[in-house]
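Trainee: My structure file target22.pdb, PDB, C-alpha atoms, is below:
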```
ATOM      1  CA  ASN A   1      24.431 -21.632  -3.570  1.00  0.00           C
ATOM      2  CA  MET A   2      24.069 -18.141  -2.192  1.00  0.00           C
ATOM      3  CA  MET A   3      26.987 -15.754  -2.258  1.00  0.00           C
ATOM      4  CA  GLY A   4      28.074 -14.324   1.128  1.00  0.00           C
ATOM      5  CA  ASP A   5      27.736 -10.592   1.720  1.00  0.00           C
ATOM      6  CA  MET A   6      31.093  -8.933   2.208  1.00  0.00           C
ATOM      7  CA  CYS A   7      29.660  -5.803   3.855  1.00  0.00           C
ATOM      8  CA  GLY A   8      28.398  -7.320   7.073  1.00  0.00           C
ATOM      9  CA  ASP A   9      28.996 -10.093   9.558  1.00  0.00           C
ATOM     10  CA  GLU A  10      28.975 -12.981   7.030  1.00  0.00           C
ATOM     11  CA  LYS A  11      25.419 -13.878   8.074  1.00  0.00           C
ATOM     12  CA  ARG A  12      23.914 -12.222   5.008  1.00  0.00           C
ATOM     13  CA  LYS A  13      23.724 -13.965   1.678  1.00  0.00           C
ATOM     14  CA  GLN A  14      22.423 -13.059  -1.748  1.00  0.00           C
ATOM     15  CA  LEU A  15      21.473 -14.976  -4.870  1.00  0.00           C
ATOM     16  CA  PHE A  16      20.837 -13.150  -8.125  1.00  0.00           C
ATOM     17  CA  PHE A  17      17.803 -14.499  -9.968  1.00  0.00           C
ATOM     18  CA  LYS A  18      19.926 -14.897 -13.101  1.00  0.00           C
ATOM     19  CA  ASP A  19      22.021 -17.456 -11.181  1.00  0.00           C
ATOM     20  CA  ALA A  20      19.028 -19.381  -9.786  1.00  0.00           C
ATOM     21  CA  LYS A  21      18.158 -22.836 -11.124  1.00  0.00           C
ATOM     22  CA  PHE A  22      14.396 -22.183 -11.406  1.00  0.00           C
ATOM     23  CA  THR A  23      14.469 -19.565 -14.136  1.00  0.00           C
ATOM     24  CA  GLY A  24      10.884 -20.098 -15.391  1.00  0.00           C
ATOM     25  CA  THR A  25       9.420 -19.184 -12.014  1.00  0.00           C
ATOM     26  CA  MET A  26      11.749 -16.190 -11.693  1.00  0.00           C
ATOM     27  CA  LYS A  27      10.804 -14.927 -15.170  1.00  0.00           C
ATOM     28  CA  ARG A  28       7.114 -15.043 -14.244  1.00  0.00           C
ATOM     29  CA  PHE A  29       7.790 -13.255 -10.963  1.00  0.00           C
ATOM     30  CA  THR A  30       9.876 -10.528 -12.610  1.00  0.00           C
ATOM     31  CA  LYS A  31       7.073  -9.984 -15.153  1.00  0.00           C
ATOM     32  CA  VAL A  32       4.569  -9.485 -12.306  1.00  0.00           C
ATOM     33  CA  VAL A  33       6.895  -6.939 -10.655  1.00  0.00           C
ATOM     34  CA  GLU A  34       7.482  -5.204 -13.993  1.00  0.00           C
ATOM     35  CA  THR A  35       3.723  -4.885 -14.582  1.00  0.00           C
ATOM     36  CA  ALA A  36       3.087  -3.536 -11.064  1.00  0.00           C
ATOM     37  CA  ALA A  37       6.072  -1.164 -11.233  1.00  0.00           C
ATOM     38  CA  SER A  38       4.947   0.246 -14.585  1.00  0.00           C
ATOM     39  CA  ARG A  39       1.726   1.425 -12.917  1.00  0.00           C
ATOM     40  CA  VAL A  40       3.637   3.344 -10.234  1.00  0.00           C
ATOM     41  CA  LEU A  41       6.797   4.377 -12.113  1.00  0.00           C
ATOM     42  CA  PRO A  42       6.024   4.059 -15.833  1.00  0.00           C
ATOM     43  CA  LYS A  43       9.505   5.145 -16.975  1.00  0.00           C
ATOM     44  CA  ARG A  44      11.314   2.420 -15.007  1.00  0.00           C
ATOM     45  CA  VAL A  45      12.335  -1.175 -15.716  1.00  0.00           C
ATOM     46  CA  PRO A  46      13.105  -3.741 -12.944  1.00  0.00           C
ATOM     47  CA  ASN A  47      16.708  -5.049 -12.968  1.00  0.00           C
ATOM     48  CA  ASP A  48      19.119  -7.100 -10.880  1.00  0.00           C
ATOM     49  CA  PHE A  49      16.627  -9.162  -8.902  1.00  0.00           C
ATOM     50  CA  VAL A  50      18.268 -10.806  -5.919  1.00  0.00           C
ATOM     51  CA  PHE A  51      17.158 -12.963  -3.010  1.00  0.00           C
ATOM     52  CA  LEU A  52      18.507 -11.562   0.255  1.00  0.00           C
ATOM     53  CA  LEU A  53      18.847 -13.963   3.176  1.00  0.00           C
ATOM     54  CA  SER A  54      19.795 -12.758   6.638  1.00  0.00           C
ATOM     55  CA  GLU A  55      20.542 -15.535   9.060  1.00  0.00           C
ATOM     56  CA  GLY A  56      19.289 -15.366  12.630  1.00  0.00           C
ATOM     57  CA  GLY A  57      21.690 -13.462  14.844  1.00  0.00           C
ATOM     58  CA  CYS A  58      23.002 -11.181  12.096  1.00  0.00           C
ATOM     59  CA  ALA A  59      23.866  -7.595  12.950  1.00  0.00           C
ATOM     60  CA  ASP A  60      22.691  -4.482  11.114  1.00  0.00           C
ATOM     61  CA  GLN A  61      24.360  -4.106   7.741  1.00  0.00           C
ATOM     62  CA  HIS A  62      26.832  -1.263   7.225  1.00  0.00           C
ATOM     63  CA  VAL A  63      25.023   2.007   6.535  1.00  0.00           C
ATOM     64  CA  HIS A  64      25.106   2.837   2.823  1.00  0.00           C
ATOM     65  CA  MET A  65      23.418   4.141  -0.307  1.00  0.00           C
ATOM     66  CA  ASP A  66      22.866   1.866  -3.317  1.00  0.00           C
ATOM     67  CA  TRP A  67      24.323   4.573  -5.511  1.00  0.00           C
ATOM     68  CA  ASP A  68      27.949   5.690  -5.493  1.00  0.00           C
ATOM     69  CA  ILE A  69      27.647   9.449  -5.967  1.00  0.00           C
ATOM     70  CA  ASP A  70      31.214   9.863  -7.244  1.00  0.00           C
ATOM     71  CA  THR A  71      30.851   7.119  -9.854  1.00  0.00           C
ATOM     72  CA  TRP A  72      27.393   8.049 -11.055  1.00  0.00           C
ATOM     73  CA  SER A  73      26.983  11.825 -10.690  1.00  0.00           C
ATOM     74  CA  SER A  74      27.479  12.341 -14.431  1.00  0.00           C
ATOM     75  CA  SER A  75      24.810   9.701 -15.177  1.00  0.00           C
ATOM     76  CA  ILE A  76      21.982  11.558 -13.426  1.00  0.00           C
ATOM     77  CA  HIS A  77      19.600  13.103 -15.899  1.00  0.00           C
ATOM     78  CA  ASP A  78      16.258  14.031 -14.375  1.00  0.00           C
ATOM     79  CA  ASP A  79      13.580  12.097 -16.241  1.00  0.00           C
ATOM     80  CA  GLY A  80      10.774  13.461 -14.096  1.00  0.00           C
ATOM     81  CA  VAL A  81      10.780  10.364 -11.861  1.00  0.00           C
ATOM     82  CA  CYS A  82      12.718  10.482  -8.592  1.00  0.00           C
ATOM     83  CA  GLY A  83      15.198  12.993  -9.976  1.00  0.00           C
ATOM     84  CA  GLY A  84      16.539  10.458 -12.467  1.00  0.00           C
ATOM     85  CA  PHE A  85      17.948   8.185  -9.759  1.00  0.00           C
ATOM     86  CA  PRO A  86      17.385   4.419  -9.798  1.00  0.00           C
ATOM     87  CA  VAL A  87      14.731   3.261  -7.351  1.00  0.00           C
ATOM     88  CA  GLY A  88      15.365   0.392  -4.950  1.00  0.00           C
ATOM     89  CA  CYS A  89      12.562  -2.079  -4.361  1.00  0.00           C
ATOM     90  CA  LEU A  90      12.443  -4.346  -1.313  1.00  0.00           C
ATOM     91  CA  ILE A  91       9.736  -7.034  -1.356  1.00  0.00           C
ATOM     92  CA  ALA A  92       8.916  -8.811   1.908  1.00  0.00           C
ATOM     93  CA  LEU A  93       8.383 -12.563   1.675  1.00  0.00           C
ATOM     94  CA  GLU A  94       8.243 -13.235   5.409  1.00  0.00           C
ATOM     95  CA  PRO A  95       6.822 -11.520   8.498  1.00  0.00           C
ATOM     96  CA  ASN A  96       8.951  -8.882  10.215  1.00  0.00           C
ATOM     97  CA  THR A  97      11.073  -8.039   7.182  1.00  0.00           C
ATOM     98  CA  ALA A  98      12.919  -4.895   8.185  1.00  0.00           C
ATOM     99  CA  ILE A  99      15.188  -2.171   6.870  1.00  0.00           C
ATOM    100  CA  ASN A 100      16.845   0.756   8.625  1.00  0.00           C
ATOM    101  CA  VAL A 101      16.415   4.121   6.896  1.00  0.00           C
ATOM    102  CA  TRP A 102      17.584   7.657   7.588  1.00  0.00           C
ATOM    103  CA  PRO A 103      14.678   9.992   6.661  1.00  0.00           C
ATOM    104  CA  GLY A 104      15.755  13.182   4.909  1.00  0.00           C
ATOM    105  CA  SER A 105      19.063  11.676   3.761  1.00  0.00           C
ATOM    106  CA  ILE A 106      18.320  11.906   0.037  1.00  0.00           C
ATOM    107  CA  GLY A 107      20.740  14.551  -1.187  1.00  0.00           C
ATOM    108  CA  PHE A 108      23.030  13.590   1.706  1.00  0.00           C
ATOM    109  CA  SER A 109      25.099  16.376   3.231  1.00  0.00           C
ATOM    110  CA  GLU A 110      27.962  15.933   5.681  1.00  0.00           C
ATOM    111  CA  ASP A 111      26.786  19.153   7.344  1.00  0.00           C
ATOM    112  CA  ARG A 112      23.494  17.665   8.550  1.00  0.00           C
ATOM    113  CA  THR A 113      22.641  15.173  11.285  1.00  0.00           C
ATOM    114  CA  TYR A 114      20.348  12.279  10.365  1.00  0.00           C
ATOM    115  CA  TYR A 115      18.509   9.890  12.646  1.00  0.00           C
ATOM    116  CA  GLY A 116      17.760   6.328  11.613  1.00  0.00           C
ATOM    117  CA  GLU A 117      14.574   4.380  12.112  1.00  0.00           C
ATOM    118  CA  ARG A 118      13.601   0.784  11.482  1.00  0.00           C
ATOM    119  CA  LEU A 119      10.753   0.059   9.054  1.00  0.00           C
ATOM    120  CA  THR A 120       9.015  -3.303   9.312  1.00  0.00           C
ATOM    121  CA  LEU A 121       7.196  -4.891   6.363  1.00  0.00           C
ATOM    122  CA  LYS A 122       4.625  -7.676   6.155  1.00  0.00           C
ATOM    123  CA  PRO A 123       4.730 -10.449   3.524  1.00  0.00           C
ATOM    124  CA  GLY A 124       3.772  -8.979   0.158  1.00  0.00           C
ATOM    125  CA  ASP A 125       4.693  -5.405   1.106  1.00  0.00           C
ATOM    126  CA  ALA A 126       7.001  -3.600  -1.301  1.00  0.00           C
ATOM    127  CA  LEU A 127       9.087  -0.604  -0.272  1.00  0.00           C
ATOM    128  CA  LEU A 128      10.266   1.714  -3.058  1.00  0.00           C
ATOM    129  CA  PHE A 129      13.102   4.136  -2.310  1.00  0.00           C
ATOM    130  CA  ARG A 130      15.546   6.290  -4.243  1.00  0.00           C
ATOM    131  CA  ALA A 131      18.921   4.588  -4.509  1.00  0.00           C
ATOM    132  CA  ASP A 132      20.576   7.555  -2.785  1.00  0.00           C
ATOM    133  CA  LEU A 133      18.547   7.083   0.426  1.00  0.00           C
ATOM    134  CA  VAL A 134      20.882   6.223   3.309  1.00  0.00           C
ATOM    135  CA  HIS A 135      19.833   2.820   4.667  1.00  0.00           C
ATOM    136  CA  SER A 136      21.029  -0.533   5.963  1.00  0.00           C
ATOM    137  CA  GLY A 137      19.745  -4.055   6.154  1.00  0.00           C
ATOM    138  CA  ALA A 138      18.305  -4.676   9.625  1.00  0.00           C
ATOM    139  CA  SER A 139      19.486  -7.170  12.202  1.00  0.00           C
ATOM    140  CA  TYR A 140      17.419 -10.338  12.644  1.00  0.00           C
ATOM    141  CA  SER A 141      17.029 -12.756  15.531  1.00  0.00           C
ATOM    142  CA  GLU A 142      15.518 -15.349  13.145  1.00  0.00           C
ATOM    143  CA  SER A 143      16.397 -15.860   9.489  1.00  0.00           C
ATOM    144  CA  ASN A 144      14.594 -13.687   6.933  1.00  0.00           C
ATOM    145  CA  LEU A 145      14.299 -14.042   3.161  1.00  0.00           C
ATOM    146  CA  ARG A 146      13.257 -11.136   0.939  1.00  0.00           C
ATOM    147  CA  ILE A 147      13.706  -9.883  -2.617  1.00  0.00           C
ATOM    148  CA  HIS A 148      15.479  -6.747  -3.774  1.00  0.00           C
ATOM    149  CA  CYS A 149      15.679  -5.213  -7.239  1.00  0.00           C
ATOM    150  CA  PHE A 150      16.207  -1.846  -8.860  1.00  0.00           C
ATOM    151  CA  LEU A 151      13.766   0.058 -11.018  1.00  0.00           C
ATOM    152  CA  ASP A 152      16.079   1.701 -13.548  1.00  0.00           C
ATOM    153  CA  ARG A 153      15.305   4.211 -16.228  1.00  0.00           C
ATOM    154  CA  ASP A 154      15.839   3.018 -19.780  1.00  0.00           C
ATOM    155  CA  GLY A 155      19.422   3.364 -20.939  1.00  0.00           C
ATOM    156  CA  LEU A 156      21.026   3.423 -17.473  1.00  0.00           C
ATOM    157  CA  ASP A 157      23.995   1.064 -17.378  1.00  0.00           C
ATOM    158  CA  ARG A 158      24.276   0.629 -13.611  1.00  0.00           C
ATOM    159  CA  ILE A 159      27.102  -1.393 -12.085  1.00  0.00           C
ATOM    160  CA  GLU A 160      25.839  -4.349 -10.042  1.00  0.00           C
ATOM    161  CA  ASN A 161      26.329  -3.934  -6.267  1.00  0.00           C
ATOM    162  CA  ASP A 162      27.769  -0.412  -6.531  1.00  0.00           C
ATOM    163  CA  SER A 163      27.152   0.983  -3.052  1.00  0.00           C
ATOM    164  CA  ARG A 164      28.543   3.986  -1.191  1.00  0.00           C
ATOM    165  CA  PHE A 165      29.212   3.186   2.442  1.00  0.00           C
ATOM    166  CA  MET A 166      28.643   6.090   4.776  1.00  0.00           C
ATOM    167  CA  HIS A 167      31.968   5.624   6.576  1.00  0.00           C
ATOM    168  CA  ASP A 168      33.429   6.979   3.297  1.00  0.00           C
ATOM    169  CA  TYR A 169      32.083  10.383   4.359  1.00  0.00           C
ATOM    170  CA  ALA A 170      33.534  10.339   7.867  1.00  0.00           C
TER     171      ALA A 170
END
```
Could I get this structure in the form of structure tokens?
Mentor:
Amino acid sequence: NMMGDMCGDEKRKQLFFKDAKFTGTMKRFTKVVETAASRVLPKRVPNDFVFLLSEGGCADQHVHMDWDIDTWSSSIHDDGVCGGFPVGCLIALEPNTAINVWPGSIGFSEDRTYYGERLTLKPGDALLFRADLVHSGASYSESNLRIHCFLDRDGLDRIENDSRFMHDYA
């Protein structure tokens, strides 16, 4: 029972681990991610694990950041890790998992021009990125299942699914 994604072409679905029926397996998986993440970003805790499913034939997702600057600007306190921002984590489960990113877009400015590129991951690859990186889920010709979570600093009370779509800046 995956929830449809309202920011695309209805061919993207998500299921939060907390809503999954196989909680024992998900708890073990989240512990593995937590252990690995603590080696790379020791001040961060994984939260809001979600399965992302893109059906074959889906278009690119709307371009966005996973952090609404207006809502959260007062919450940013630099903890020495990624400027205090949450860190997104995309974990590939299948071949050709992809994401579109706009290099240099952290600290987004309407006065600059950014160019997107598609990154492709192999099963088991994990991509870590600051939540204020401009990105979008990639289009797929065949269905693709992957996992997404956030690595949050202790004490951050982030709103689930709080994204800033780039058309808001147009």
Trainee: On this structure, the PyMOL selection byres ((chain A and resi 42) around 12) would catch which residues? List them as JSON, numbers by chain, sorted by chain and number.
Mentor: {"A": [34, 35, 36, 37, 38, 39, 40, 41, 43, 44, 45, 46, 79, 80, 81, 82, 151, 152, 153, 154]}
Trainee: From the options A:Thr97, A:Asn47, A:Gln14, A:Asn144, which residue's atoms come nearest to Thr30 in chain A, counting only C-alpha atoms?
Mentor: A:Asn47
Trainee: For each of A:Glu142, A:Glu55, A:Asp48, A:Asp66, take the minimum atom-to-atom distance to Lys11 in chain A, counting all atoms listed in the file, then give the residue where this is smallest.
Mentor: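 Of the candidates, the smallest distance to Lys11 in chain A is held by A:Glu55.
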Trainee: Select, from A:Glu117, A:Asp132, A:Glu10, A:Asp111, the residue with the minimum atom-to-atom distance to Gly56 in chain A, counting all atoms listed in the file.
Mentor: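 Looking only at the distances to Gly56 in chain A, the closest residue turns out to be A:Glu10.
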Trainee: Starting from the displayed file, determine the output of the PyMOL selection byres ((chain A and resi 103) around 12) and express the residue list as a list in words.
Mentor: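 Selected by the PyMOL selection byres ((chain A and resi 103) around 12) in this file: Asn100, Val101, Trp102, Gly104, Ser105, Ile106, Gly107, Phe108, Arg112, Thr113, Tyr114, Tyr115, Gly116, Glu117, Arg118, Leu119, Phe129, Arg130, Asp132, Leu133, Val134 and His135 of chain A.
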Trainee: For each of A:Val32, A:Ala138, A:Leu52, A:Ala92, take the minimum atom-to-atom distance to Lys122 in chain A, counting all atoms listed in the file, then give the residue where this is smallest.
Mentor: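 Closest to Lys122 in chain A of all the choices is A:Ala92.
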Trainee: Work out how far apart CA of Ala98 in chain A and CA of Thr23 in chain A are and give it in Å to one decimal.
Mentor: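 Those two atoms sit 26.8 Å apart.
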Trainee: Looking at A:Cys58, A:Leu90, A:Ala20, A:Leu128, which one is nearest to Ser143 in chain A, with distances taken over all atoms listed in the file?
Mentor: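 For Ser143 in chain A, the nearest of the candidates is A:Cys58.
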Trainee: Work out how far CA of Ile99 in chain A is from CA of Arg28 in chain A, in Å to one decimal.
Mentor: 26.0 Å
Trainee: Calculated over all atoms listed in the file, which of the candidates A:Cys149, A:Leu53, A:Ile91, A:Ala59 has the smallest distance to Asp125 in chain A?
Mentor: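 With all atoms listed in the file as the atom set, the closest residue is A:Ile91.
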Trainee: Calculate how many Å separate CA of Pro95 in chain A from CA of His62 in chain A, rounding to one decimal.
Mentor: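 Computed distance, CA of Pro95 in chain A to CA of His62 in chain A, equals 22.5 Å.
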Trainee: Could you pull range 101-115 of chain A out of the structure just shown and give N, CA and C atoms as a PDB file, in the first residue's frame?
Mentor:
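In the end it all went to selection.pdb:
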```pdb
ATOM      1  N   VAL A 101      20.808  16.141 -10.371  1.00  0.00           N
ATOM      2  CA  VAL A 101      21.333  17.123  -9.417  1.00  0.00           C
ATOM      3  C   VAL A 101      21.828  18.352 -10.176  1.00  0.00           C
ATOM      4  N   TRP A 102      21.855  19.475  -9.472  1.00  0.00           N
ATOM      5  CA  TRP A 102      22.347  20.723 -10.019  1.00  0.00           C
ATOM      6  C   TRP A 102      23.580  21.124  -9.213  1.00  0.00           C
ATOM      7  N   PRO A 103      24.786  20.723  -9.684  1.00  0.00           N
ATOM      8  CA  PRO A 103      26.023  21.039  -8.948  1.00  0.00           C
ATOM      9  C   PRO A 103      26.144  22.543  -8.688  1.00  0.00           C
ATOM     10  N   GLY A 104      26.634  22.873  -7.500  1.00  0.00           N
ATOM     11  CA  GLY A 104      26.829  24.263  -7.117  1.00  0.00           C
ATOM     12  C   GLY A 104      25.583  24.938  -6.584  1.00  0.00           C
ATOM     13  N   SER A 105      24.463  24.207  -6.493  1.00  0.00           N
ATOM     14  CA  SER A 105      23.200  24.830  -6.096  1.00  0.00           C
ATOM     15  C   SER A 105      22.989  24.911  -4.589  1.00  0.00           C
ATOM     16  N   ILE A 106      23.899  24.362  -3.795  1.00  0.00           N
ATOM     17  CA  ILE A 106      23.806  24.555  -2.351  1.00  0.00           C
ATOM     18  C   ILE A 106      24.038  26.035  -2.084  1.00  0.00           C
ATOM     19  N   GLY A 107      23.167  26.627  -1.273  1.00  0.00           N
ATOM     20  CA  GLY A 107      23.213  28.080  -1.096  1.00  0.00           C
ATOM     21  C   GLY A 107      22.587  28.762  -2.298  1.00  0.00           C
ATOM     22  N   PHE A 108      21.562  28.155  -2.853  1.00  0.00           N
ATOM     23  CA  PHE A 108      20.886  28.594  -4.072  1.00  0.00           C
ATOM     24  C   PHE A 108      20.693  30.106  -4.132  1.00  0.00           C
ATOM     25  N   SER A 109      20.965  30.654  -5.295  1.00  0.00           N
ATOM     26  CA  SER A 109      20.767  32.082  -5.551  1.00  0.00           C
ATOM     27  C   SER A 109      20.011  32.247  -6.866  1.00  0.00           C
ATOM     28  N   GLU A 110      18.986  33.070  -6.856  1.00  0.00           N
ATOM     29  CA  GLU A 110      18.233  33.338  -8.080  1.00  0.00           C
ATOM     30  C   GLU A 110      19.084  34.053  -9.120  1.00  0.00           C
ATOM     31  N   ASP A 111      20.194  34.621  -8.708  1.00  0.00           N
ATOM     32  CA  ASP A 111      21.058  35.388  -9.608  1.00  0.00           C
ATOM     33  C   ASP A 111      22.053  34.528 -10.378  1.00  0.00           C
ATOM     34  N   ARG A 112      22.075  33.235 -10.111  1.00  0.00           N
ATOM     35  CA  ARG A 112      23.016  32.341 -10.785  1.00  0.00           C
ATOM     36  C   ARG A 112      22.274  31.408 -11.726  1.00  0.00           C
ATOM     37  N   THR A 113      22.987  30.857 -12.689  1.00  0.00           N
ATOM     38  CA  THR A 113      22.447  29.835 -13.581  1.00  0.00           C
ATOM     39  C   THR A 113      23.072  28.503 -13.188  1.00  0.00           C
ATOM     40  N   TYR A 114      22.254  27.477 -13.083  1.00  0.00           N
ATOM     41  CA  TYR A 114      22.715  26.142 -12.705  1.00  0.00           C
ATOM     42  C   TYR A 114      22.380  25.178 -13.834  1.00  0.00           C
ATOM     43  N   TYR A 115      23.218  24.170 -13.993  1.00  0.00           N
ATOM     44  CA  TYR A 115      23.006  23.167 -15.020  1.00  0.00           C
ATOM     45  C   TYR A 115      22.906  21.800 -14.363  1.00  0.00           C
TER      46      TYR A 115
END
```
